[in-house]
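Enquirer: So here's my_file29.txt (compact mmCIF, C-alpha atoms).
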# COMPACT_ATOMS: atom_id res chain seq x y z
CA MET T 170 44.72 90.00 160.77
CA THR T 171 42.45 90.31 163.82
CA VAL T 172 39.10 88.57 164.05
CA ARG T 173 37.37 91.94 163.75
CA ALA T 174 39.38 92.92 160.68
CA ALA T 175 38.71 89.56 159.05
CA GLY T 176 35.00 89.97 159.73
CA VAL T 177 34.96 93.46 158.22
CA THR T 178 36.79 92.22 155.12
CA GLN T 179 34.35 89.35 154.61
CA GLU T 180 31.31 91.55 155.16
CA ALA T 181 32.69 94.23 152.85
CA ALA T 182 33.40 91.63 150.18
CA LEU T 183 29.73 90.61 150.24
CA ILE T 184 28.59 94.26 150.04
CA LEU T 185 30.92 94.94 147.12
CA GLU T 186 29.91 91.75 145.32
CA ARG T 187 26.24 92.65 145.69
CA ALA T 188 26.93 96.18 144.40
CA ARG T 189 28.77 94.84 141.35
CA ALA T 190 25.89 92.46 140.63
CA ASP T 191 23.30 95.25 140.93
CA VAL T 192 25.21 97.94 139.03
CA GLY T 193 26.96 95.76 136.45
CA PRO T 194 24.08 95.51 133.94
CA ALA T 195 23.51 99.30 133.88
CA LEU T 196 27.24 99.88 133.56
CA ARG T 197 27.68 97.42 130.71
CA SER T 198 24.61 98.71 128.90
CA ALA T 199 25.91 102.28 129.06
CA ILE T 200 29.39 101.33 127.85
CA ASP T 201 28.00 99.17 125.05
CA SER T 202 26.27 102.29 123.70
CA LEU T 203 29.64 103.94 122.96
CA PRO T 204 31.15 104.14 119.47
CA PRO T 205 33.22 101.04 118.64
CA GLN T 206 36.77 102.14 119.52
CA MET T 207 35.82 103.96 122.71
CA ARG T 208 33.71 100.96 123.69
CA ARG T 209 36.72 98.71 123.09
CA VAL T 210 39.00 100.86 125.27
CA ALA T 211 36.41 101.13 128.03
CA ARG T 212 35.70 97.40 128.06
CA TYR T 213 39.43 96.70 128.28
CA HIS T 214 39.85 99.24 131.09
CA PHE T 215 37.01 97.64 133.07
CA GLY T 216 38.57 94.19 132.64
CA TRP T 217 35.81 92.78 130.46
CA GLN T 218 37.99 92.03 127.45
CA ASP T 219 41.66 91.75 126.56
CA ALA T 220 43.66 94.01 124.26
CA ASP T 221 42.58 91.94 121.23
CA GLY T 222 38.89 92.25 122.06
CA ARG T 223 38.40 88.75 123.45
CA THR T 224 35.96 88.48 126.35
CA VAL T 225 37.64 87.91 129.70
CA ASP T 226 36.62 88.21 133.33
CA GLU T 227 39.41 90.10 135.04
CA ASN T 228 39.55 92.50 137.99
CA GLY T 229 37.48 95.55 137.05
CA GLY T 230 37.96 97.30 140.36
CA LYS T 231 36.44 96.95 143.80
CA ALA T 232 33.29 99.03 143.09
CA ILE T 233 33.67 100.93 146.36
CA ARG T 234 31.99 104.11 145.08
CA PRO T 235 28.83 102.50 143.66
CA ALA T 236 28.63 100.39 146.81
CA LEU T 237 28.68 103.60 148.86
CA VAL T 238 25.85 105.05 146.74
CA LEU T 239 23.70 101.98 147.31
CA ALA T 240 24.59 101.66 151.01
CA ALA T 241 23.74 105.33 151.63
CA ALA T 242 20.46 105.05 149.73
CA GLU T 243 19.55 101.97 151.74
CA ALA T 244 20.59 103.55 155.05
CA VAL T 245 18.28 106.51 154.41
CA GLY T 246 15.48 105.03 152.32
CA GLY T 247 15.54 101.28 152.91
CA THR T 248 15.37 98.69 150.13
CA ALA T 249 13.26 100.99 147.93
CA GLY T 250 15.93 103.68 148.17
CA ARG T 251 18.62 101.19 147.19
CA ALA T 252 16.68 99.90 144.19
CA ALA T 253 16.06 103.44 142.96
CA ALA T 254 19.75 104.36 143.14
CA VAL T 255 21.24 101.71 140.83
CA ARG T 256 21.49 104.00 137.80
CA ALA T 257 23.02 106.76 139.93
CA ALA T 258 25.56 104.28 141.33
CA ALA T 259 26.56 103.36 137.78
CA ALA T 260 26.98 107.06 136.96
CA VAL T 261 29.32 107.55 139.90
CA GLU T 262 31.40 104.53 138.84
CA LEU T 263 31.65 105.92 135.31
CA VAL T 264 32.99 109.22 136.65
CA HIS T 265 35.52 107.39 138.80
CA ASN T 266 36.81 105.47 135.80
CA PHE T 267 36.96 108.61 133.68
CA THR T 268 39.40 109.98 136.26
CA LEU T 269 41.44 106.76 136.26
CA LEU T 270 41.86 106.77 132.49
CA HIS T 271 43.01 110.40 132.54
CA ASP T 272 45.21 110.04 135.63
CA ASP T 273 47.05 107.08 134.11
CA VAL T 274 47.87 109.16 131.04
CA MET T 275 49.08 112.15 133.09
CA ASP T 276 51.04 110.05 135.55
CA ARG T 277 52.38 107.69 132.83
CA ASP T 278 51.44 104.73 134.99
CA PRO T 279 52.30 101.58 133.02
CA THR T 280 49.97 99.20 134.87
CA ARG T 281 46.63 99.13 136.67
CA ARG T 282 44.86 96.13 138.15
CA HIS T 283 47.79 93.84 137.26
CA ARG T 284 47.89 94.65 133.54
CA ALA T 285 48.88 97.39 131.11
CA THR T 286 46.97 100.66 131.37
CA ALA T 287 44.65 101.67 128.54
CA TRP T 288 46.96 104.39 127.20
CA ASN T 289 49.80 101.84 127.17
CA VAL T 290 47.73 99.57 124.93
CA TYR T 291 45.72 101.98 122.76
CA GLY T 292 47.66 105.24 122.99
CA ASP T 293 46.99 108.57 124.70
CA PRO T 294 44.27 109.94 122.37
CA ASP T 295 42.02 106.87 122.64
CA ALA T 296 42.46 106.66 126.42
CA ILE T 297 41.69 110.36 126.91
CA LEU T 298 38.68 110.36 124.59
CA SER T 299 37.30 107.19 126.16
CA GLY T 300 37.60 108.85 129.57
CA ASP T 301 35.73 111.88 128.24
CA ALA T 302 33.01 109.57 126.93
CA LEU T 303 32.61 107.87 130.33
CA GLN T 304 32.03 111.23 131.99
CA ALA T 305 29.39 112.10 129.37
CA LEU T 306 27.75 108.70 129.84
CA ALA T 307 27.45 109.34 133.57
CA LEU T 308 25.52 112.55 132.98
CA GLN T 309 23.44 110.88 130.28
CA LEU T 310 22.40 108.16 132.73
CA LEU T 311 21.26 110.71 135.30
CA ALA T 312 19.62 112.99 132.72
CA GLY T 313 17.47 110.06 131.57
CA ASP T 314 16.56 109.01 135.10
CA PRO T 315 12.92 109.86 135.99
CA HIS T 316 13.69 109.78 139.74
CA PRO T 317 12.99 113.16 141.41
CA ALA T 318 16.51 113.22 142.88
CA ALA T 319 18.21 112.98 139.47
CA LEU T 320 18.57 116.73 138.90
CA ALA T 321 20.11 117.32 142.32
CA ALA T 322 22.41 114.34 141.71
CA ILE T 323 23.58 115.90 138.44
CA GLY T 324 24.37 119.10 140.31
CA ARG T 325 26.37 117.21 142.95
CA LEU T 326 28.24 115.11 140.42
CA THR T 327 29.19 117.96 138.08
CA ALA T 328 30.46 120.06 140.99
CA CYS T 329 32.43 117.03 142.13
CA VAL T 330 34.04 116.60 138.70
CA ILE T 331 35.29 120.18 138.82
CA GLU T 332 36.73 119.55 142.27
CA LEU T 333 38.35 116.31 141.09
CA CYS T 334 39.98 118.17 138.21
CA GLU T 335 41.23 120.83 140.61
CA GLY T 336 42.73 118.18 142.87
CA GLN T 337 44.51 116.49 139.96
CA GLN T 338 45.79 119.83 138.64
CA VAL T 339 47.27 120.72 142.04
CA ASP T 340 48.74 117.23 142.37
CA THR T 341 50.56 117.48 139.04
CA ALA T 342 51.69 121.05 139.73
CA LEU T 343 53.21 119.97 143.05
CA GLU T 344 55.60 117.68 141.17
CA HIS T 345 57.44 120.78 139.93
CA ARG T 346 57.55 122.59 143.28
CA ASP T 347 60.63 122.64 145.49
CA PRO T 348 60.05 119.91 148.09
CA ARG T 349 60.98 122.34 150.88
CA GLU T 350 58.20 124.75 149.84
CA VAL T 351 55.23 122.35 149.97
CA GLY T 352 52.98 122.55 153.03
CA LEU T 353 51.06 119.70 154.60
CA SER T 354 47.78 121.64 154.75
CA GLU T 355 47.74 122.27 150.99
CA VAL T 356 48.46 118.61 150.26
CA LEU T 357 45.62 117.58 152.57
CA ARG T 358 43.30 119.95 150.67
CA MET T 359 44.50 118.46 147.40
CA ALA T 360 43.84 114.92 148.65
CA GLU T 361 40.34 115.83 149.78
CA ALA T 362 39.57 117.27 146.36
CA LYS T 363 41.17 114.42 144.43
CA THR T 364 39.84 111.48 146.47
CA GLY T 365 37.51 112.59 149.26
CA ALA T 366 35.22 114.57 146.96
CA LEU T 367 34.00 111.58 144.96
CA LEU T 368 33.49 109.33 147.98
CA GLY T 369 31.55 112.17 149.59
CA CYS T 370 29.55 112.68 146.41
CA ALA T 371 28.77 108.95 146.22
CA CYS T 372 27.33 109.01 149.75
CA ALA T 373 25.44 112.25 149.09
CA VAL T 374 23.90 110.95 145.87
CA GLY T 375 22.79 107.81 147.71
CA GLY T 376 21.25 109.99 150.40
CA LEU T 377 19.37 111.99 147.76
CA TYR T 378 17.94 108.83 146.19
CA GLY T 379 17.01 107.56 149.64
CA GLY T 380 14.92 110.69 150.23
CA GLY T 381 17.21 112.30 152.80
CA SER T 382 16.94 115.92 153.89
CA LEU T 383 19.62 118.44 152.94
CA ASP T 384 21.18 118.13 156.40
CA VAL T 385 21.33 114.34 156.09
CA VAL T 386 22.79 114.54 152.58
CA ASP T 387 25.42 117.07 153.66
CA SER T 388 26.43 114.91 156.63
CA LEU T 389 26.74 111.89 154.34
CA ASP T 390 28.92 113.98 152.03
CA ALA T 391 31.13 114.96 154.97
CA PHE T 392 31.32 111.33 156.09
CA GLY T 393 32.43 110.22 152.64
CA ARG T 394 34.98 113.03 152.35
CA GLN T 395 36.64 112.20 155.64
CA ALA T 396 36.59 108.47 154.92
CA GLY T 397 37.99 109.29 151.48
CA LEU T 398 40.84 111.25 153.01
CA ALA T 399 41.59 108.29 155.27
CA PHE T 400 41.43 106.10 152.16
CA GLN T 401 43.98 108.34 150.39
CA LEU T 402 46.32 108.33 153.36
CA ILE T 403 46.32 104.53 153.40
CA ASP T 404 46.61 104.45 149.60
CA ASP T 405 49.72 106.63 149.79
CA VAL T 406 51.23 104.31 152.39
CA ILE T 407 50.49 101.30 150.17
CA GLY T 408 51.94 103.14 147.18
CA ILE T 409 55.32 103.33 148.94
CA TRP T 410 55.41 100.14 151.02
CA GLY T 411 52.76 97.91 149.41
CA ASP T 412 53.42 94.58 147.75
CA PRO T 413 53.13 94.89 143.92
CA LEU T 414 51.70 91.35 143.83
CA HIS T 415 48.68 92.69 145.74
CA THR T 416 48.49 96.26 144.43
CA GLY T 417 48.96 95.56 140.71
CA LYS T 418 51.29 98.56 140.45
CA PRO T 419 55.08 98.83 140.80
CA ALA T 420 56.23 99.65 144.33
CA GLY T 421 57.60 103.13 144.86
CA ALA T 422 56.35 104.55 141.54
CA ASP T 423 55.22 107.74 143.31
CA LEU T 424 58.64 108.15 144.92
CA ALA T 425 60.36 107.72 141.54
CA ALA T 426 58.01 110.34 140.05
CA ARG T 427 58.77 112.67 143.00
CA LYS T 428 55.09 112.81 143.92
CA LYS T 429 54.32 114.96 146.96
CA SER T 430 52.13 112.31 148.57
CA LEU T 431 50.87 112.75 152.13
CA PRO T 432 53.49 110.58 153.91
CA VAL T 433 56.23 112.25 151.87
CA VAL T 434 55.14 115.80 152.72
CA ALA T 435 54.69 114.86 156.38
CA ALA T 436 58.29 113.62 156.32
CA LEU T 437 59.54 116.67 154.42
CA THR T 438 58.00 119.01 157.01
CA SER T 439 59.16 116.98 160.03
CA GLY T 440 62.20 119.18 160.65
CA GLY T 441 64.66 116.36 161.32
CA SER T 442 67.75 115.08 159.54
CA ALA T 443 65.78 112.33 157.77
CA GLY T 444 63.44 114.99 156.40
CA GLU T 445 66.43 116.94 155.13
CA GLU T 446 67.84 113.82 153.53
CA LEU T 447 64.50 113.23 151.80
CA ALA T 448 64.35 116.86 150.61
CA ALA T 449 67.83 116.49 149.12
CA LEU T 450 66.79 113.32 147.31
CA TYR T 451 63.54 114.87 146.09
CA SER T 452 65.37 117.94 144.77
CA LEU T 453 67.08 115.77 142.14
CA PRO T 454 65.70 113.49 139.42
CA TYR T 455 65.22 109.88 140.44
CA VAL T 456 68.28 107.66 140.04
CA GLU T 457 67.79 103.93 139.49
CA GLY T 458 68.27 101.99 142.71
CA GLU T 459 67.34 104.79 145.13
CA LEU T 460 63.82 103.63 145.99
CA GLU T 461 64.75 101.74 149.14
CA ARG T 462 66.82 104.66 150.45
CA THR T 463 64.02 107.15 149.69
CA ALA T 464 61.33 105.01 151.31
CA LEU T 465 63.53 104.58 154.38
CA ALA T 466 64.02 108.35 154.64
CA VAL T 467 60.23 108.84 154.56
CA GLU T 468 59.77 106.25 157.29
CA ARG T 469 62.61 107.56 159.47
CA ALA T 470 61.20 111.09 159.23
CA GLY T 471 57.85 109.83 160.55
CA GLY T 472 55.85 109.97 157.32
CA ARG T 473 54.49 106.45 157.57
CA ASP T 474 53.46 106.71 161.23
CA TRP T 475 51.90 110.14 160.71
CA ALA T 476 49.82 108.92 157.75
CA GLN T 477 48.47 105.95 159.68
CA ILE T 478 47.58 108.06 162.73
CA GLU T 479 46.00 110.77 160.58
CA ALA T 480 43.94 108.15 158.75
CA ALA T 481 42.57 106.92 162.08
CA ASP T 482 41.78 110.49 163.15
CA ARG T 483 39.94 111.20 159.89
CA MET T 484 37.94 108.02 160.32
CA GLY T 485 36.91 109.22 163.76
CA VAL T 486 35.56 112.44 162.23
CA ALA T 487 33.84 110.44 159.49
CA LEU T 488 32.05 108.25 162.02
CA GLY T 489 30.76 111.32 163.83
CA GLU T 490 29.26 112.62 160.58
CA LEU T 491 27.72 109.22 159.86
CA ALA T 492 26.10 109.14 163.29
CA ARG T 493 24.52 112.54 162.58
CA ALA T 494 23.22 111.41 159.19
CA VAL T 495 22.02 107.95 160.22
CA PRO T 496 21.67 107.66 164.01
CA ASP T 497 20.55 104.01 163.87
CA PRO T 498 23.79 101.94 163.82
CA GLU T 499 22.04 99.01 162.20
CA ARG T 500 20.88 101.10 159.23
CA ALA T 501 24.33 102.66 158.94
CA GLY T 502 26.06 99.29 159.07
CA GLY T 503 26.84 98.99 155.35
CA LEU T 504 28.46 102.43 155.22
CA LEU T 505 30.45 101.72 158.36
CA THR T 506 31.71 98.40 157.00
CA LEU T 507 32.83 99.99 153.74
CA ALA T 508 34.59 102.82 155.56
CA GLU T 509 36.42 100.37 157.80
CA PHE T 510 37.33 98.23 154.83
CA VAL T 511 38.99 100.99 152.80
CA THR T 512 41.10 102.08 155.76
CA ARG T 513 42.17 98.57 156.79
CA ARG T 514 43.14 97.36 153.32
CA SER T 515 46.63 96.43 152.13
CA SER T 516 46.08 96.74 148.37
As structure tokens, how would this structure be written, given the file I've shared?
Expert:
Amino acid sequence: MTVRAAGVTQEAALILERARADVGPALRSAIDSLPPQMRRVARYHFGWQDADGRTVDENGGKAIRPALVLAAAEAVGGTAGRAAAVRAAAAVELVHNFTLLHDDVMDRDPTRRHRATAWNVYGDPDAILSGDALQALALQLLAGDPHPAALAAIGRLTACVIELCEGQQVDTALEHRDPREVGLSEVLRMAEAKTGALLGCACAVGGLYGGGSLDVVDSLDAFGRQAGLAFQLIDDVIGIWGDPLHTGKPAGADLAARKKSLPVVAALTSGGSAGEELAALYSLPYVEGELERTALAVERAGGRDWAQIEAADRMGVALGELARAVPDPERAGGLLTLAEFVTRRSS
């Protein structure tokens, strides 16, 4: 790790820790208002208790999205903007975790954050209904917020949820498509909807609470979307080649599920023999022991290199949008650090 990368990681860790400290009480208060079983599932999912209901302090996620809300609010409106945006940041984190609960059910992921997923512990109905409740809680938080930006934030967040659902629907539909018929542009659009939309929304909501103009808010949204796409590209790389000890998820799960992730589709559309080999593998159900061969085919066809270069390009676009929204580099520093962090990570 370079000195610069180490510095970004340390600075980001402080920003994320501060965001968790600021948003945690609002988040816990909202979840504690749920009916008993949904509260139990949600508290387990967030890492606050174990499957038997005993209080624990486990990894409840990095809090990147609420940190983006607060950093954007502070970049635009200073400390007052940040303080005003805490409830909105909690709402965004609730929406994010609603999607995680549902995605885990649809993808049949057995683990998240180094332990069994909620559906694996409590069953599909409780996981789905608890996810639904988190989405409703997010809107309830904003609906009860007297801040003048709350109504516009509700509009942004509800539109984002629809886009998130569209992205997930396309993602699951792609699993059943012939690998030779999937285009890179449609997978990039899917990734923007599934991941970029919420990071963009987080930045936009922060901009609203900071008192930003429509142009500023839209540029913050664009910044978050492009950074989110870079985030997804790196996430897809980690999903294939990451260390399960760091990621908390089994390596190659997306390959086994025949997911059309970005590195995979880049490899499939590369036109070379490795791409053809990958297409042949992806045309058949996964066979135990083929993960290493499949990952190697993706890499040989250029999928890994393409994803890393594309992530850097998207970050370049994101930084241009951030400069338009917040021309003062010092004020934009928190957002820049978070964007660099999510694209330099290894888990």
Enquirer: Distance CA of Val385 in chain T-CA of Ala494 in chain T, one decimal place?
Expert: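 If I compute the distance from CA of Val385 in chain T to CA of Ala494 in chain T, I get 4.7 Å.
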Enquirer: So, with only C-alpha atoms as the atoms that count, which of T:Asp221, T:Glu262, T:Asp226, T:Asp314 lies closest to Ile200 in chain T?
Expert: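 Closest candidate: T:Glu262.
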Enquirer: Between T:Gly292, T:Pro194, T:Gly246, T:Gly421, which has the minimum distance to Ala501 in chain T (counting all atoms listed in the file)?
Expert: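 Using all atoms listed in the file, the shortest distance to Ala501 in chain T belongs to T:Gly246.
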Enquirer: Which residue is closest to Ala260 in chain T? Choose from T:Leu431, T:Val225, T:Ile297, T:Val192 and count all atoms listed in the file.
Expert: T:Val192
Enquirer: What lies within 12 Å of Thr224 in chain T using all atoms listed in the file, ignoring chain neighbours under 3 positions off, as number ranges by chain?
Expert: T: 209, 212-213, 215-221, 227
Enquirer: Would you export the selected residues with C-alpha atoms as a PDB file, in the frame of the given file, please?
Expert:
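New file again.pdb:
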ATOM      1  CA  ARG T 209      36.720  98.710 123.090  1.00  0.00           C
ATOM      2  CA  ARG T 212      35.700  97.400 128.060  1.00  0.00           C
ATOM      3  CA  TYR T 213      39.430  96.700 128.280  1.00  0.00           C
ATOM      4  CA  PHE T 215      37.010  97.640 133.070  1.00  0.00           C
ATOM      5  CA  GLY T 216      38.570  94.190 132.640  1.00  0.00           C
ATOM      6  CA  TRP T 217      35.810  92.780 130.460  1.00  0.00           C
ATOM      7  CA  GLN T 218      37.990  92.030 127.450  1.00  0.00           C
ATOM      8  CA  ASP T 219      41.660  91.750 126.560  1.00  0.00           C
ATOM      9  CA  ALA T 220      43.660  94.010 124.260  1.00  0.00           C
ATOM     10  CA  ASP T 221      42.580  91.940 121.230  1.00  0.00           C
ATOM     11  CA  GLU T 227      39.410  90.100 135.040  1.00  0.00           C
TER      12      GLU T 227
END
Enquirer: Dump as CSV the rows for residues of range 206-314 of chain T within 12 Å of range 345-364 of chain T: closest atom pair and distance in Å with one decimal, only C-alpha atoms counted, ordered by chain and rising residue number.
Expert:
residue,atom,partner,partner_atom,distance
T:Arg234,CA,T:Thr364,CA,10.9
T:His265,CA,T:Thr364,CA,9.7
T:Thr268,CA,T:Lys363,CA,9.5
T:Leu269,CA,T:Lys363,CA,11.2
T:Asp272,CA,T:Lys363,CA,10.6
Enquirer: Kindly indicate which residue among T:Asp405, T:Glu243, T:Asp295, T:Glu180 lies nearest to Trp475 in chain T, using all atoms listed in the file for the distances.
Expert: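 Among the listed residues, the smallest separation from Trp475 in chain T belongs to T:Asp405.
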Enquirer: In Å, rounded to a single decimal, give me how far CA of Pro432 in chain T is from CA of Arg469 in chain T.
Expert: 11.1 Å
Enquirer: Can you tell me which residues surround Arg493 in chain T at a distance of at most 10 Å, considering only C-alpha atoms, apart from same-chain residues fewer than 5 positions away, and format the answer as a list in words?
Expert: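 Non-adjacent residues within range: Asp384, Val385, Ser388, Leu389, Phe392 and Leu488 of chain T.
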Enquirer: Please, which residues are within 12 Å of (41.9, 108.9, 163.1) by the file's coordinates, counting all atoms listed in the file, and could they come as a PyMOL selection string?
Expert: chain T and resi 395-396+398-400+402-403+474-489+509+512
Enquirer: Between CA of Val330 in chain T and CA of Asp273 in chain T, what distance in Å does the model show, to one decimal?
Expert: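 Value for the CA of Val330 in chain T-CA of Asp273 in chain T distance: 16.8 Å.
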Enquirer: Residues around (42.5, 99.8, 136.0), cut-off 10 Å, counting all atoms listed in the file - what are they as a list in words?
Expert: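 Returned residue set, sorted by chain then number, is Tyr213, His214, Phe215, Gly216, Asn228, Gly229, Gly230, Asn266, Leu269, Leu270, Asp273, Thr280, Arg281, Arg282, His283, Arg284, Ala285, Thr286, Ala287, Gly417 and Lys418 of chain T.
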Enquirer: Return the single residue from T:Ala242, T:Ala448, T:Val434, T:Ala182 that is closest to Arg473 in chain T, with distances computed using only C-alpha atoms.
Expert: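 Among T:Ala242, T:Ala448, T:Val434, T:Ala182, it is T:Val434 that comes nearest to Arg473 in chain T.
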Enquirer: From the options T:Leu377, T:Leu465, T:Leu320, T:Ala259, which residue's atoms come nearest to Ala244 in chain T, counting only C-alpha atoms?
Expert: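 For Ala244 in chain T, the nearest of the candidates is T:Leu377.
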Enquirer: So which residues touch Phe510 in chain T within 7 Å, counting all atoms listed in the file, skipping near sequence neighbours fewer than 5 positions away, as a list in words?
Expert: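 Here the answer would be Val177, Thr178 and Ala181 of chain T.
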Enquirer: Need the shell around Asp387 in chain T: protein/DNA/RNA residues with any atom at most 9 Å away, counting only C-alpha atoms. Skip same-chain ones fewer than 6 positions apart. Format as a VMD selection string?
Expert: chain T and resid 369 373 376 494
Enquirer: Excluding Arg394 in chain T and its own-chain neighbours fewer than 4 positions away, which residues fall within 6 Å of it when counting all atoms listed in the file? Please give them as a list in words.
Expert: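 Once the nearby chain positions are removed, what remains is Gly365, Ala366, Leu368 and Gly369 of chain T.
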Enquirer: Find the residues of range 335-384 of chain T that sit at most 9 Å from range 321-328 of chain T; for each, write down the nearest two atoms and how far apart they are in Å, to one decimal. Count all atoms listed in the file. Sort by chain, then by number going up, and give it as a tab-separated table.
Expert:
residue	atom	partner	partner_atom	distance
T:Leu367	CA	T:Leu326	CA	8.1
T:Cys370	CA	T:Arg325	CA	6.5
T:Ala371	CA	T:Leu326	CA	8.5
T:Ala373	CA	T:Arg325	CA	7.9
T:Val374	CA	T:Ala322	CA	5.6
T:Gly375	CA	T:Ala322	CA	8.9
T:Leu377	CA	T:Ala322	CA	7.2
T:Tyr378	CA	T:Ala322	CA	8.4
Enquirer: Kindly reconstruct range 386-401 of chain T with N, CA, C and O atoms and present the result as a PDB file, in the frame of the given file.
Expert:
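That gives us rebuild06.pdb:
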ATOM      1  N   VAL T 386      21.943 114.683 153.772  1.00  0.00           N
ATOM      2  CA  VAL T 386      22.790 114.540 152.580  1.00  0.00           C
ATOM      3  C   VAL T 386      24.151 115.196 152.801  1.00  0.00           C
ATOM      4  O   VAL T 386      25.191 114.647 152.445  1.00  0.00           O
ATOM      5  N   ASP T 387      24.147 116.375 153.405  1.00  0.00           N
ATOM      6  CA  ASP T 387      25.420 117.070 153.660  1.00  0.00           C
ATOM      7  C   ASP T 387      26.286 116.304 154.658  1.00  0.00           C
ATOM      8  O   ASP T 387      27.514 116.251 154.517  1.00  0.00           O
ATOM      9  N   SER T 388      25.655 115.703 155.671  1.00  0.00           N
ATOM     10  CA  SER T 388      26.430 114.910 156.630  1.00  0.00           C
ATOM     11  C   SER T 388      26.992 113.652 155.970  1.00  0.00           C
ATOM     12  O   SER T 388      28.125 113.239 156.258  1.00  0.00           O
ATOM     13  N   LEU T 389      26.227 113.044 155.076  1.00  0.00           N
ATOM     14  CA  LEU T 389      26.740 111.890 154.340  1.00  0.00           C
ATOM     15  C   LEU T 389      27.913 112.293 153.445  1.00  0.00           C
ATOM     16  O   LEU T 389      28.897 111.551 153.324  1.00  0.00           O
ATOM     17  N   ASP T 390      27.810 113.467 152.839  1.00  0.00           N
ATOM     18  CA  ASP T 390      28.920 113.980 152.030  1.00  0.00           C
ATOM     19  C   ASP T 390      30.166 114.148 152.906  1.00  0.00           C
ATOM     20  O   ASP T 390      31.272 113.716 152.536  1.00  0.00           O
ATOM     21  N   ALA T 391      29.995 114.755 154.063  1.00  0.00           N
ATOM     22  CA  ALA T 391      31.130 114.960 154.970  1.00  0.00           C
ATOM     23  C   ALA T 391      31.720 113.638 155.434  1.00  0.00           C
ATOM     24  O   ALA T 391      32.943 113.478 155.535  1.00  0.00           O
ATOM     25  N   PHE T 392      30.854 112.662 155.728  1.00  0.00           N
ATOM     26  CA  PHE T 392      31.320 111.330 156.090  1.00  0.00           C
ATOM     27  C   PHE T 392      32.188 110.741 154.992  1.00  0.00           C
ATOM     28  O   PHE T 392      33.304 110.249 155.234  1.00  0.00           O
ATOM     29  N   GLY T 393      31.694 110.791 153.758  1.00  0.00           N
ATOM     30  CA  GLY T 393      32.430 110.220 152.640  1.00  0.00           C
ATOM     31  C   GLY T 393      33.746 110.934 152.389  1.00  0.00           C
ATOM     32  O   GLY T 393      34.756 110.301 152.069  1.00  0.00           O
ATOM     33  N   ARG T 394      33.745 112.257 152.547  1.00  0.00           N
ATOM     34  CA  ARG T 394      34.980 113.030 152.350  1.00  0.00           C
ATOM     35  C   ARG T 394      36.048 112.632 153.363  1.00  0.00           C
ATOM     36  O   ARG T 394      37.212 112.437 153.007  1.00  0.00           O
ATOM     37  N   GLN T 395      35.661 112.541 154.619  1.00  0.00           N
ATOM     38  CA  GLN T 395      36.640 112.200 155.640  1.00  0.00           C
ATOM     39  C   GLN T 395      37.115 110.753 155.499  1.00  0.00           C
ATOM     40  O   GLN T 395      38.303 110.461 155.650  1.00  0.00           O
ATOM     41  N   ALA T 396      36.188 109.849 155.187  1.00  0.00           N
ATOM     42  CA  ALA T 396      36.590 108.470 154.920  1.00  0.00           C
ATOM     43  C   ALA T 396      37.477 108.402 153.682  1.00  0.00           C
ATOM     44  O   ALA T 396      38.438 107.625 153.634  1.00  0.00           O
ATOM     45  N   GLY T 397      37.178 109.245 152.687  1.00  0.00           N
ATOM     46  CA  GLY T 397      37.990 109.290 151.480  1.00  0.00           C
ATOM     47  C   GLY T 397      39.392 109.800 151.747  1.00  0.00           C
ATOM     48  O   GLY T 397      40.361 109.334 151.139  1.00  0.00           O
ATOM     49  N   LEU T 398      39.506 110.763 152.650  1.00  0.00           N
ATOM     50  CA  LEU T 398      40.840 111.250 153.010  1.00  0.00           C
ATOM     51  C   LEU T 398      41.614 110.160 153.744  1.00  0.00           C
ATOM     52  O   LEU T 398      42.826 109.968 153.504  1.00  0.00           O
ATOM     53  N   ALA T 399      40.944 109.431 154.626  1.00  0.00           N
ATOM     54  CA  ALA T 399      41.590 108.290 155.270  1.00  0.00           C
ATOM     55  C   ALA T 399      42.011 107.253 154.231  1.00  0.00           C
ATOM     56  O   ALA T 399      43.115 106.696 154.297  1.00  0.00           O
ATOM     57  N   PHE T 400      41.139 107.013 153.268  1.00  0.00           N
ATOM     58  CA  PHE T 400      41.430 106.100 152.160  1.00  0.00           C
ATOM     59  C   PHE T 400      42.701 106.542 151.430  1.00  0.00           C
ATOM     60  O   PHE T 400      43.588 105.725 151.137  1.00  0.00           O
ATOM     61  N   GLN T 401      42.817 107.844 151.119  1.00  0.00           N
ATOM     62  CA  GLN T 401      43.980 108.340 150.390  1.00  0.00           C
ATOM     63  C   GLN T 401      45.258 108.218 151.208  1.00  0.00           C
ATOM     64  O   GLN T 401      46.320 107.890 150.672  1.00  0.00           O
TER      65      GLN T 401
END
